[in-house]
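Colleague: Input structure04.csv, format and content: CSV, C-alpha atoms.
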```csv
chain,number,residue,atom,x,y,z
A,1,MET,CA,104.9,136.3,164.0
A,2,MET,CA,101.5,135.1,165.4
A,3,LYS,CA,100.0,135.1,161.9
A,4,LYS,CA,102.8,132.8,160.7
A,5,VAL,CA,102.3,130.4,163.5
A,6,PHE,CA,98.6,130.4,162.9
A,7,ALA,CA,99.1,129.9,159.1
A,8,ILE,CA,101.5,127.0,159.7
A,9,GLY,CA,99.1,125.4,162.2
A,10,MET,CA,96.2,125.7,159.7
A,11,CYS,CA,98.3,124.1,157.0
A,12,ALA,CA,99.3,121.2,159.3
A,13,LEU,CA,95.6,120.7,160.2
A,14,VAL,CA,94.5,120.7,156.6
A,15,LEU,CA,97.3,118.2,155.6
A,16,THR,CA,96.4,115.9,158.6
A,17,ALA,CA,92.7,116.0,157.7
A,18,SER,CA,93.4,115.2,154.0
A,19,VAL,CA,95.6,112.2,155.0
A,20,PHE,CA,92.8,110.8,157.3
A,21,ALA,CA,90.1,111.6,154.7
A,22,ALA,CA,92.0,109.5,152.1
A,23,SER,CA,91.5,106.3,154.0
A,24,SER,CA,88.5,105.1,156.0
A,25,GLN,CA,87.3,102.0,157.7
A,26,GLN,CA,84.4,100.3,156.0
A,27,TRP,CA,82.7,96.9,156.0
A,28,VAL,CA,81.7,94.5,153.2
A,29,SER,CA,77.9,94.6,152.8
A,30,ALA,CA,77.6,91.8,150.3
A,31,LYS,CA,77.5,88.1,150.8
A,32,LYS,CA,80.7,87.5,148.8
A,33,VAL,CA,82.8,89.8,146.7
A,34,GLU,CA,85.9,89.1,144.7
A,35,LEU,CA,88.9,91.4,145.5
A,36,LYS,CA,90.3,92.3,142.1
A,37,SER,CA,93.8,93.3,141.0
A,38,GLY,CA,92.4,96.4,139.2
A,39,SER,CA,89.2,98.5,138.9
A,40,ASP,CA,87.9,96.3,136.1
A,41,TRP,CA,85.2,93.6,136.4
A,42,PHE,CA,87.5,91.1,134.6
A,43,ALA,CA,90.7,91.9,136.5
A,44,THR,CA,92.4,88.9,138.2
A,45,THR,CA,90.9,87.9,141.5
A,46,VAL,CA,93.3,88.5,144.4
A,47,ALA,CA,91.1,87.2,147.2
A,48,THR,CA,87.5,86.9,148.3
A,49,VAL,CA,85.9,89.0,151.0
A,50,SER,CA,82.6,88.3,152.8
A,51,TYR,CA,79.8,90.0,154.5
A,52,GLY,CA,81.1,91.9,157.6
A,53,ASP,CA,84.8,91.8,156.7
A,54,GLU,CA,86.5,95.1,157.7
A,55,VAL,CA,88.5,96.9,155.1
A,56,THR,CA,90.4,100.2,154.8
A,57,VAL,CA,89.5,102.2,151.7
A,58,LEU,CA,92.7,103.5,150.3
A,59,SER,CA,91.3,105.3,147.2
A,60,THR,CA,88.3,105.3,144.9
A,61,SER,CA,88.0,105.4,141.1
A,62,GLY,CA,84.5,105.8,139.7
A,63,LYS,CA,82.4,103.0,141.1
A,64,TRP,CA,85.4,101.1,142.5
A,65,ALA,CA,87.3,101.3,145.8
A,66,GLU,CA,90.9,100.2,146.4
A,67,VAL,CA,90.9,98.5,149.8
A,68,GLN,CA,93.2,96.7,152.2
A,69,LEU,CA,91.9,93.9,154.4
A,70,ALA,CA,92.0,94.7,158.1
A,71,SER,CA,92.6,91.0,158.9
A,72,ASN,CA,95.5,90.7,156.4
A,73,LYS,CA,97.3,94.0,155.6
A,74,SER,CA,99.2,92.3,152.7
A,75,LYS,CA,95.9,91.8,150.8
A,76,LYS,CA,95.0,94.8,148.7
A,77,GLY,CA,92.6,95.1,145.8
A,78,TRP,CA,89.6,96.7,144.2
A,79,ILE,CA,85.9,96.0,144.9
A,80,PRO,CA,82.7,97.9,143.8
A,81,THR,CA,81.8,100.7,146.2
A,82,SER,CA,78.3,99.4,146.2
A,83,SER,CA,79.6,96.4,148.2
A,84,LEU,CA,80.8,98.6,151.1
A,85,THR,CA,79.1,100.3,154.0
A,86,LYS,CA,80.4,102.8,156.6
A,87,LYS,CA,78.2,101.1,159.2
A,88,LYS,CA,80.0,98.5,161.3
A,89,ILE,CA,78.6,95.0,160.8
A,90,VAL,CA,78.9,93.0,164.0
A,91,ALA,CA,79.2,89.3,163.9
A,92,SER,CA,78.5,87.0,166.8
A,93,ASN,CA,80.7,83.9,167.2
A,94,GLY,CA,82.1,84.5,163.7
A,95,LYS,CA,78.6,84.5,162.2
A,96,VAL,CA,76.3,87.3,161.2
A,97,SER,CA,72.7,87.4,162.3
A,98,ALA,CA,71.3,87.6,158.8
A,99,ASN,CA,70.9,84.7,156.4
A,100,ALA,CA,72.1,84.7,152.7
A,101,LYS,CA,68.6,85.6,151.4
A,102,GLU,CA,68.3,88.6,153.8
A,103,ILE,CA,71.8,89.8,152.8
A,104,ALA,CA,70.9,89.6,149.1
A,105,LEU,CA,67.6,91.4,149.7
A,106,ALA,CA,69.3,94.1,151.7
A,107,GLY,CA,71.7,94.7,148.9
A,108,LYS,CA,68.7,95.3,146.7
A,109,GLY,CA,67.1,97.6,149.2
A,110,PHE,CA,64.5,95.0,150.3
A,111,SER,CA,63.9,93.2,153.6
A,112,SER,CA,62.0,89.9,153.7
A,113,SER,CA,59.0,91.5,155.2
A,114,LEU,CA,58.9,94.3,152.6
A,115,GLU,CA,59.2,91.8,149.8
A,116,ASP,CA,56.4,89.6,151.3
A,117,GLU,CA,54.2,92.8,151.6
A,118,TYR,CA,54.9,93.7,148.0
A,119,LYS,CA,54.2,90.2,146.7
A,120,GLY,CA,50.9,90.2,148.6
A,121,GLU,CA,49.8,93.6,147.1
A,122,THR,CA,50.6,92.7,143.5
A,123,LYS,CA,49.6,89.0,143.6
A,124,THR,CA,52.4,88.3,141.2
A,125,ASP,CA,54.1,84.9,140.9
A,126,TYR,CA,57.8,85.3,141.7
A,127,ALA,CA,58.8,81.7,140.9
A,128,GLN,CA,60.7,82.7,137.8
A,129,VAL,CA,62.5,85.6,139.6
A,130,ASP,CA,63.5,83.2,142.3
A,131,ALA,CA,64.8,80.7,139.7
A,132,MET,CA,66.8,83.4,138.0
A,133,GLU,CA,68.4,84.5,141.3
A,134,LYS,CA,69.8,81.0,141.6
A,135,ILE,CA,71.7,81.3,138.2
A,136,SER,CA,75.4,81.8,138.6
A,137,VAL,CA,77.7,82.8,135.7
A,138,SER,CA,81.5,83.0,136.2
A,139,ALA,CA,83.5,86.1,135.2
A,140,ALA,CA,85.2,84.0,132.5
A,141,GLU,CA,81.9,83.1,130.9
A,142,GLN,CA,80.7,86.7,131.1
A,143,LYS,CA,83.9,87.9,129.4
A,144,LYS,CA,83.6,85.3,126.7
A,145,PHE,CA,79.9,86.3,126.1
A,146,ILE,CA,80.9,90.0,125.8
A,147,GLU,CA,83.8,89.2,123.4
A,148,ASN,CA,81.9,86.8,121.2
A,149,GLY,CA,79.0,89.3,121.0
A,150,ASN,CA,81.4,92.1,120.2
A,151,LEU,CA,79.7,94.1,123.0
A,152,LYS,CA,81.2,97.5,124.1
A,153,GLY,CA,81.6,99.0,127.5
A,154,ALA,CA,82.7,95.9,129.4
A,155,LYS,CA,84.3,97.9,132.3
```
Write out the structure in this file as structure tokens.
Modeller:
Amino acid sequence: MMKKVFAIGMCALVLTASVFAASSQQWVSAKKVELKSGSDWFATTVATVSYGDEVTVLSTSGKWAEVQLASNKSKKGWIPTSSLTKKKIVASNGKVSANAKEIALAGKGFSSSLEDEYKGETKTDYAQVDAMEKISVSAAEQKKFIENGNLKGAK
């Protein structure tokens, strides 16, 4: 009898753990991310999430995570897992303490001071890199480019 109670208790514990493991609270770690209707770069945009927004991860598929917004439970969609962090991002008065440049650098693994140090060591002119970072291409333009070029692997 004791073995049965123990076995049932262990099964209940495992099931409970798997339910909680399936979803987790995370925060958006990119300046702006489009919440997509599917795990495809060209899926329809459902909403836009911003740096510091809290989400619940419902599932993952490859490099994509299905999430639900903490601020609006009716909004669900897919975003790249690289745009999420398990570390809580705290905003003060609705604003984060980092500026857009710092957020972009952090996403690339750089801080402003590390980039400045690297620039100083290499004595390289980064004007062209800075200019390229300002270029913005819409998803529709990207899709058209891929289709017109008959490129494969667009997902």
Colleague: Hey, which of A:Gln128, A:Ser136, A:Gln68, A:Ser61 ends up closest to Thr48 of chain A? Count all atoms listed in the file.
Modeller: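 Among A:Gln128, A:Ser136, A:Gln68, A:Ser61, it is A:Gln68 that comes nearest to Thr48 of chain A.
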Colleague: Using all atoms listed in the file, tabulate the residues of segment 39-69 of chain A lying at most 12 Å from any atom of segment 31-34 of chain A, each with its closest atom pair and that distance in Å to one decimal, by chain and increasing residue number, as CSV.
Modeller:
```
residue,atom,partner,partner_atom,distance
A:Ser39,CA,A:Glu34,CA,11.5
A:Asp40,CA,A:Glu34,CA,11.4
A:Trp41,CA,A:Glu34,CA,9.5
A:Phe42,CA,A:Glu34,CA,10.4
A:Ala43,CA,A:Glu34,CA,9.9
A:Thr44,CA,A:Glu34,CA,9.2
A:Thr45,CA,A:Glu34,CA,6.1
A:Val46,CA,A:Glu34,CA,7.4
A:Ala47,CA,A:Glu34,CA,6.1
A:Thr48,CA,A:Glu34,CA,4.5
A:Val49,CA,A:Val33,CA,5.4
A:Ser50,CA,A:Lys32,CA,4.5
A:Tyr51,CA,A:Lys31,CA,4.8
A:Gly52,CA,A:Lys31,CA,8.6
A:Asp53,CA,A:Lys32,CA,9.9
A:Val67,CA,A:Glu34,CA,11.8
```
Colleague: For a test of reading the model, state the distance in Å between atom CA of Ala127 of chain A and atom CA of Pro80 of chain A, rounded to one decimal.
Modeller: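 Rounded to one decimal, the two atoms are 29.0 Å apart.
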Colleague: In Å, how far is it from atom CA of Lys87 of chain A to atom CA of Gln26 of chain A?
Modeller: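 Atom CA of Gln26 of chain A lies at a distance of 7.0 Å from atom CA of Lys87 of chain A.
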Colleague: Find the residues around Trp27 of chain A up to 7 Å (only C-alpha atoms counted), leave out those fewer than 6 positions away in its own chain, and share them as a PyMOL selection string.
Modeller: chain A and resi 52-55+84-89
